[in-house]
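input_35.cif follows; it contains mmCIF, C-alpha atoms, pLDDT in the B column; chains and numbers go by the auth columns.
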```cif
data_coords
#
loop_
_atom_site.group_PDB
_atom_site.id
_atom_site.type_symbol
_atom_site.label_atom_id
_atom_site.label_comp_id
_atom_site.label_asym_id
_atom_site.label_seq_id
_atom_site.Cartn_x
_atom_site.Cartn_y
_atom_site.Cartn_z
_atom_site.B_iso_or_equiv
_atom_site.auth_seq_id
_atom_site.auth_asym_id
ATOM 1 C CA MET A 1 32.536 -36.972 -61.957 78.00 1 I
ATOM 2 C CA PRO A 2 28.983 -37.104 -63.302 83.00 2 I
ATOM 3 C CA ARG A 3 26.485 -34.419 -62.509 83.00 3 I
ATOM 4 C CA VAL A 4 23.823 -35.315 -59.921 81.00 4 I
ATOM 5 C CA LYS A 5 20.364 -34.005 -60.784 84.00 5 I
ATOM 6 C CA ASN A 6 18.509 -34.894 -57.555 89.00 6 I
ATOM 7 C CA SER A 7 15.482 -36.076 -59.526 91.00 7 I
ATOM 8 C CA VAL A 8 14.209 -38.670 -57.067 93.00 8 I
ATOM 9 C CA GLN A 9 14.071 -36.250 -54.146 93.00 9 I
ATOM 10 C CA SER A 10 12.558 -33.499 -56.311 93.00 10 I
ATOM 11 C CA ARG A 11 9.828 -35.829 -57.545 95.00 11 I
ATOM 12 C CA ARG A 12 9.037 -36.904 -53.981 96.00 12 I
ATOM 13 C CA ARG A 13 8.857 -33.302 -52.838 96.00 13 I
ATOM 14 C CA HIS A 14 6.621 -32.361 -55.789 96.00 14 I
ATOM 15 C CA LYS A 15 4.313 -35.310 -55.160 97.00 15 I
ATOM 16 C CA LYS A 16 4.057 -34.351 -51.484 97.00 16 I
ATOM 17 C CA TYR A 17 2.846 -30.856 -52.365 97.00 17 I
ATOM 18 C CA LEU A 18 0.500 -32.074 -55.091 97.00 18 I
ATOM 19 C CA LYS A 19 -1.045 -34.519 -52.628 97.00 19 I
ATOM 20 C CA LEU A 20 -1.592 -31.711 -50.117 97.00 20 I
ATOM 21 C CA ALA A 21 -3.118 -29.516 -52.871 97.00 21 I
ATOM 22 C CA LYS A 22 -5.591 -32.178 -53.964 96.00 22 I
ATOM 23 C CA GLY A 23 -9.029 -30.644 -54.285 96.00 23 I
ATOM 24 C CA TYR A 24 -7.795 -27.103 -54.942 96.00 24 I
ATOM 25 C CA ARG A 25 -9.304 -25.328 -57.943 95.00 25 I
ATOM 26 C CA GLY A 26 -7.662 -24.888 -61.320 95.00 26 I
ATOM 27 C CA SER A 27 -3.940 -25.217 -61.827 95.00 27 I
ATOM 28 C CA GLN A 28 -3.277 -25.023 -58.083 95.00 28 I
ATOM 29 C CA SER A 29 -3.895 -28.750 -57.869 96.00 29 I
ATOM 30 C CA ARG A 30 -1.907 -29.640 -60.995 96.00 30 I
ATOM 31 C CA THR A 31 1.167 -27.424 -61.331 97.00 31 I
ATOM 32 C CA VAL A 32 3.876 -27.766 -58.741 97.00 32 I
ATOM 33 C CA LYS A 33 4.746 -24.074 -58.362 97.00 33 I
ATOM 34 C CA SER A 34 1.113 -23.036 -57.859 97.00 34 I
ATOM 35 C CA ALA A 35 0.489 -25.974 -55.544 98.00 35 I
ATOM 36 C CA ILE A 36 3.444 -25.058 -53.319 98.00 36 I
ATOM 37 C CA GLU A 37 2.245 -21.452 -53.038 97.00 37 I
ATOM 38 C CA ALA A 38 -1.343 -22.508 -52.338 98.00 38 I
ATOM 39 C CA VAL A 39 -0.379 -25.115 -49.725 98.00 39 I
ATOM 40 C CA ASN A 40 1.941 -22.692 -47.927 98.00 40 I
ATOM 41 C CA LYS A 41 -0.724 -19.982 -47.872 98.00 41 I
ATOM 42 C CA ALA A 42 -3.350 -22.440 -46.660 97.00 42 I
ATOM 43 C CA GLY A 43 -0.966 -23.493 -43.905 97.00 43 I
ATOM 44 C CA ARG A 44 -0.553 -19.893 -42.765 98.00 44 I
ATOM 45 C CA HIS A 45 -4.316 -19.404 -42.699 98.00 45 I
ATOM 46 C CA ALA A 46 -4.794 -22.649 -40.773 98.00 46 I
ATOM 47 C CA TYR A 47 -2.182 -21.602 -38.192 98.00 47 I
ATOM 48 C CA ILE A 48 -3.864 -18.238 -37.673 98.00 48 I
ATOM 49 C CA GLY A 49 -7.298 -19.893 -37.610 98.00 49 I
ATOM 50 C CA ARG A 50 -6.295 -22.194 -34.767 98.00 50 I
ATOM 51 C CA LYS A 51 -5.471 -19.134 -32.662 97.00 51 I
ATOM 52 C CA LEU A 52 -8.648 -17.269 -33.683 98.00 52 I
ATOM 53 C CA LYS A 53 -10.826 -20.254 -32.825 98.00 53 I
ATOM 54 C CA LYS A 54 -9.744 -20.043 -29.183 97.00 54 I
ATOM 55 C CA ARG A 55 -10.644 -16.341 -29.038 97.00 55 I
ATOM 56 C CA GLU A 56 -13.999 -16.830 -30.702 98.00 56 I
ATOM 57 C CA PHE A 57 -15.023 -19.684 -28.416 98.00 57 I
ATOM 58 C CA ARG A 58 -14.060 -17.721 -25.296 97.00 58 I
ATOM 59 C CA SER A 59 -16.182 -14.815 -26.552 97.00 59 I
ATOM 60 C CA LEU A 60 -19.108 -17.170 -27.203 98.00 60 I
ATOM 61 C CA TRP A 61 -18.830 -18.687 -23.722 98.00 61 I
ATOM 62 C CA ILE A 62 -18.805 -15.226 -22.123 97.00 62 I
ATOM 63 C CA GLN A 63 -21.939 -14.247 -24.069 98.00 63 I
ATOM 64 C CA ARG A 64 -23.751 -17.388 -22.943 97.00 64 I
ATOM 65 C CA ILE A 65 -22.743 -16.896 -19.303 97.00 65 I
ATOM 66 C CA ASN A 66 -23.817 -13.257 -19.460 97.00 66 I
ATOM 67 C CA ALA A 67 -27.214 -14.221 -20.904 97.00 67 I
ATOM 68 C CA GLY A 68 -27.716 -16.781 -18.137 96.00 68 I
ATOM 69 C CA ALA A 69 -26.612 -14.345 -15.443 96.00 69 I
ATOM 70 C CA ARG A 70 -28.926 -11.595 -16.673 97.00 70 I
ATOM 71 C CA LEU A 71 -31.901 -13.936 -16.304 96.00 71 I
ATOM 72 C CA HIS A 72 -31.106 -13.924 -12.571 95.00 72 I
ATOM 73 C CA GLY A 73 -30.493 -10.186 -12.264 95.00 73 I
ATOM 74 C CA LEU A 74 -26.677 -10.230 -12.374 95.00 74 I
ATOM 75 C CA SER A 75 -24.183 -9.079 -14.943 96.00 75 I
ATOM 76 C CA TYR A 76 -21.367 -11.270 -16.213 97.00 76 I
ATOM 77 C CA SER A 77 -18.709 -9.405 -14.238 96.00 77 I
ATOM 78 C CA GLN A 78 -20.742 -9.550 -11.008 96.00 78 I
ATOM 79 C CA LEU A 79 -21.224 -13.308 -11.451 96.00 79 I
ATOM 80 C CA ILE A 80 -17.522 -13.985 -12.110 96.00 80 I
ATOM 81 C CA HIS A 81 -16.500 -11.794 -9.163 96.00 81 I
ATOM 82 C CA GLY A 82 -18.973 -13.578 -6.897 96.00 82 I
ATOM 83 C CA LEU A 83 -17.741 -16.994 -8.028 96.00 83 I
ATOM 84 C CA ASN A 84 -14.159 -15.963 -7.253 95.00 84 I
ATOM 85 C CA LEU A 85 -15.157 -14.725 -3.792 94.00 85 I
ATOM 86 C CA ALA A 86 -17.066 -17.950 -3.134 93.00 86 I
ATOM 87 C CA GLY A 87 -14.028 -19.983 -4.148 93.00 87 I
ATOM 88 C CA ILE A 88 -15.802 -21.707 -7.031 92.00 88 I
ATOM 89 C CA THR A 89 -13.299 -22.443 -9.773 93.00 89 I
ATOM 90 C CA LEU A 90 -15.198 -23.335 -12.923 94.00 90 I
ATOM 91 C CA ASP A 91 -13.835 -22.249 -16.274 95.00 91 I
ATOM 92 C CA ARG A 92 -15.931 -20.316 -18.752 96.00 92 I
ATOM 93 C CA LYS A 93 -16.478 -23.349 -20.959 97.00 93 I
ATOM 94 C CA MET A 94 -18.105 -25.277 -18.101 97.00 94 I
ATOM 95 C CA LEU A 95 -20.135 -22.260 -16.942 96.00 95 I
ATOM 96 C CA ALA A 96 -21.457 -21.720 -20.464 97.00 96 I
ATOM 97 C CA ASP A 97 -22.377 -25.394 -20.716 97.00 97 I
ATOM 98 C CA LEU A 98 -24.244 -25.193 -17.415 96.00 98 I
ATOM 99 C CA ALA A 99 -26.054 -22.032 -18.499 96.00 99 I
ATOM 100 C CA MET A 100 -27.149 -23.637 -21.772 96.00 100 I
ATOM 101 C CA ASN A 101 -27.861 -27.270 -20.884 97.00 101 I
ATOM 102 C CA LYS A 102 -28.385 -27.409 -17.111 96.00 102 I
ATOM 103 C CA PRO A 103 -30.171 -24.212 -16.073 95.00 103 I
ATOM 104 C CA GLU A 104 -31.087 -25.606 -12.644 96.00 104 I
ATOM 105 C CA ALA A 105 -27.413 -26.165 -11.796 96.00 105 I
ATOM 106 C CA PHE A 106 -26.566 -22.689 -13.090 96.00 106 I
ATOM 107 C CA THR A 107 -29.344 -21.255 -10.929 96.00 107 I
ATOM 108 C CA ALA A 108 -27.835 -22.981 -7.894 95.00 108 I
ATOM 109 C CA LEU A 109 -24.474 -21.362 -8.664 95.00 109 I
ATOM 110 C CA VAL A 110 -26.113 -17.953 -8.993 95.00 110 I
ATOM 111 C CA GLU A 111 -27.884 -18.410 -5.658 94.00 111 I
ATOM 112 C CA MET A 112 -24.566 -19.271 -4.017 93.00 112 I
ATOM 113 C CA VAL A 113 -23.075 -16.082 -5.454 93.00 113 I
ATOM 114 C CA LYS A 114 -26.036 -13.978 -4.281 92.00 114 I
ATOM 115 C CA SER A 115 -25.870 -15.428 -0.763 90.00 115 I
ATOM 116 C CA ASN A 116 -22.228 -14.361 -0.327 80.00 116 I
#
```

Encoded form (structure tokens):
Amino acid sequence: MPRVKNSVQSRRRHKKYLKLAKGYRGSQSRTVKSAIEAVNKAGRHAYIGRKLKKREFRSLWIQRINAGARLHGLSYSQLIHGLNLAGITLDRKMLADLAMNKPEAFTALVEMVKSN
């Protein structure tokens, strides 16, 4: 029986990695072994980055809410506690957007918290 060398599948696999490594510097975009290593490492960094992005945005939203709350004489924790007691369920993304872009609506929320 003749030996099977698997060349078609190997070439397809190599081309797939070289396509993903397009734009990388030096031999990482031209040699298959370097391209595979670079693409795999980039994939790991991208996976971790997707998790970090969520943390960083939550931190940013909290900072914006805190800045808006301090303008009205409250701290972030006092505002969140007051919103929970008042039964207002807005997530931090929406609160930060209100604090940045609609200060009059944010002021109304703060007044509701202060009245309770």

Exercise for review: Kindly resolve the PyMOL selection byres ((chain I and resi 10-27) around 12) on the present coordinates and return the residues as an NGL selection string.
Suggested key: :I and (4-9 or 28-43)

**Study point:** Hits of the PyMOL selection byres ((chain I and resi 70-86) around 12) in this structure, as a PyMOL selection string
**Key:** chain I and resi 61-69+87-92+95-96+99+103-104+106-116

Exercise for review: For CA of Lys93 (chain I) and CA of Arg44 (chain I), determine how far apart the two atoms are, in Å to one decimal place.
Suggested key: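 Spanning CA of Lys93 (chain I) to CA of Arg44 (chain I) is a straight-line distance of 27.2 Å.
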
Provide an axis-aligned box for all listed atoms of region 40-51 of chain I, padding each side by 6 Å; report its centre and its edge lengths in Å to one decimal, as AutoDock Vina command-line options.
```
--center_x -2.7 --center_y -20.9 --center_z -40.3 --size_x 21.2 --size_y 17.3 --size_z 27.3
```

Exercise for review: For CA of Asp97 (chain I) and CA of His45 (chain I), determine how far apart the two atoms are, in Å to one decimal place.
Suggested key: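 The value is 29.1 Å.
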
Check your understanding: So how many Å separate CA of Gly49 (chain I) and CA of Met94 (chain I), to one decimal?
Key -> 22.9 Å
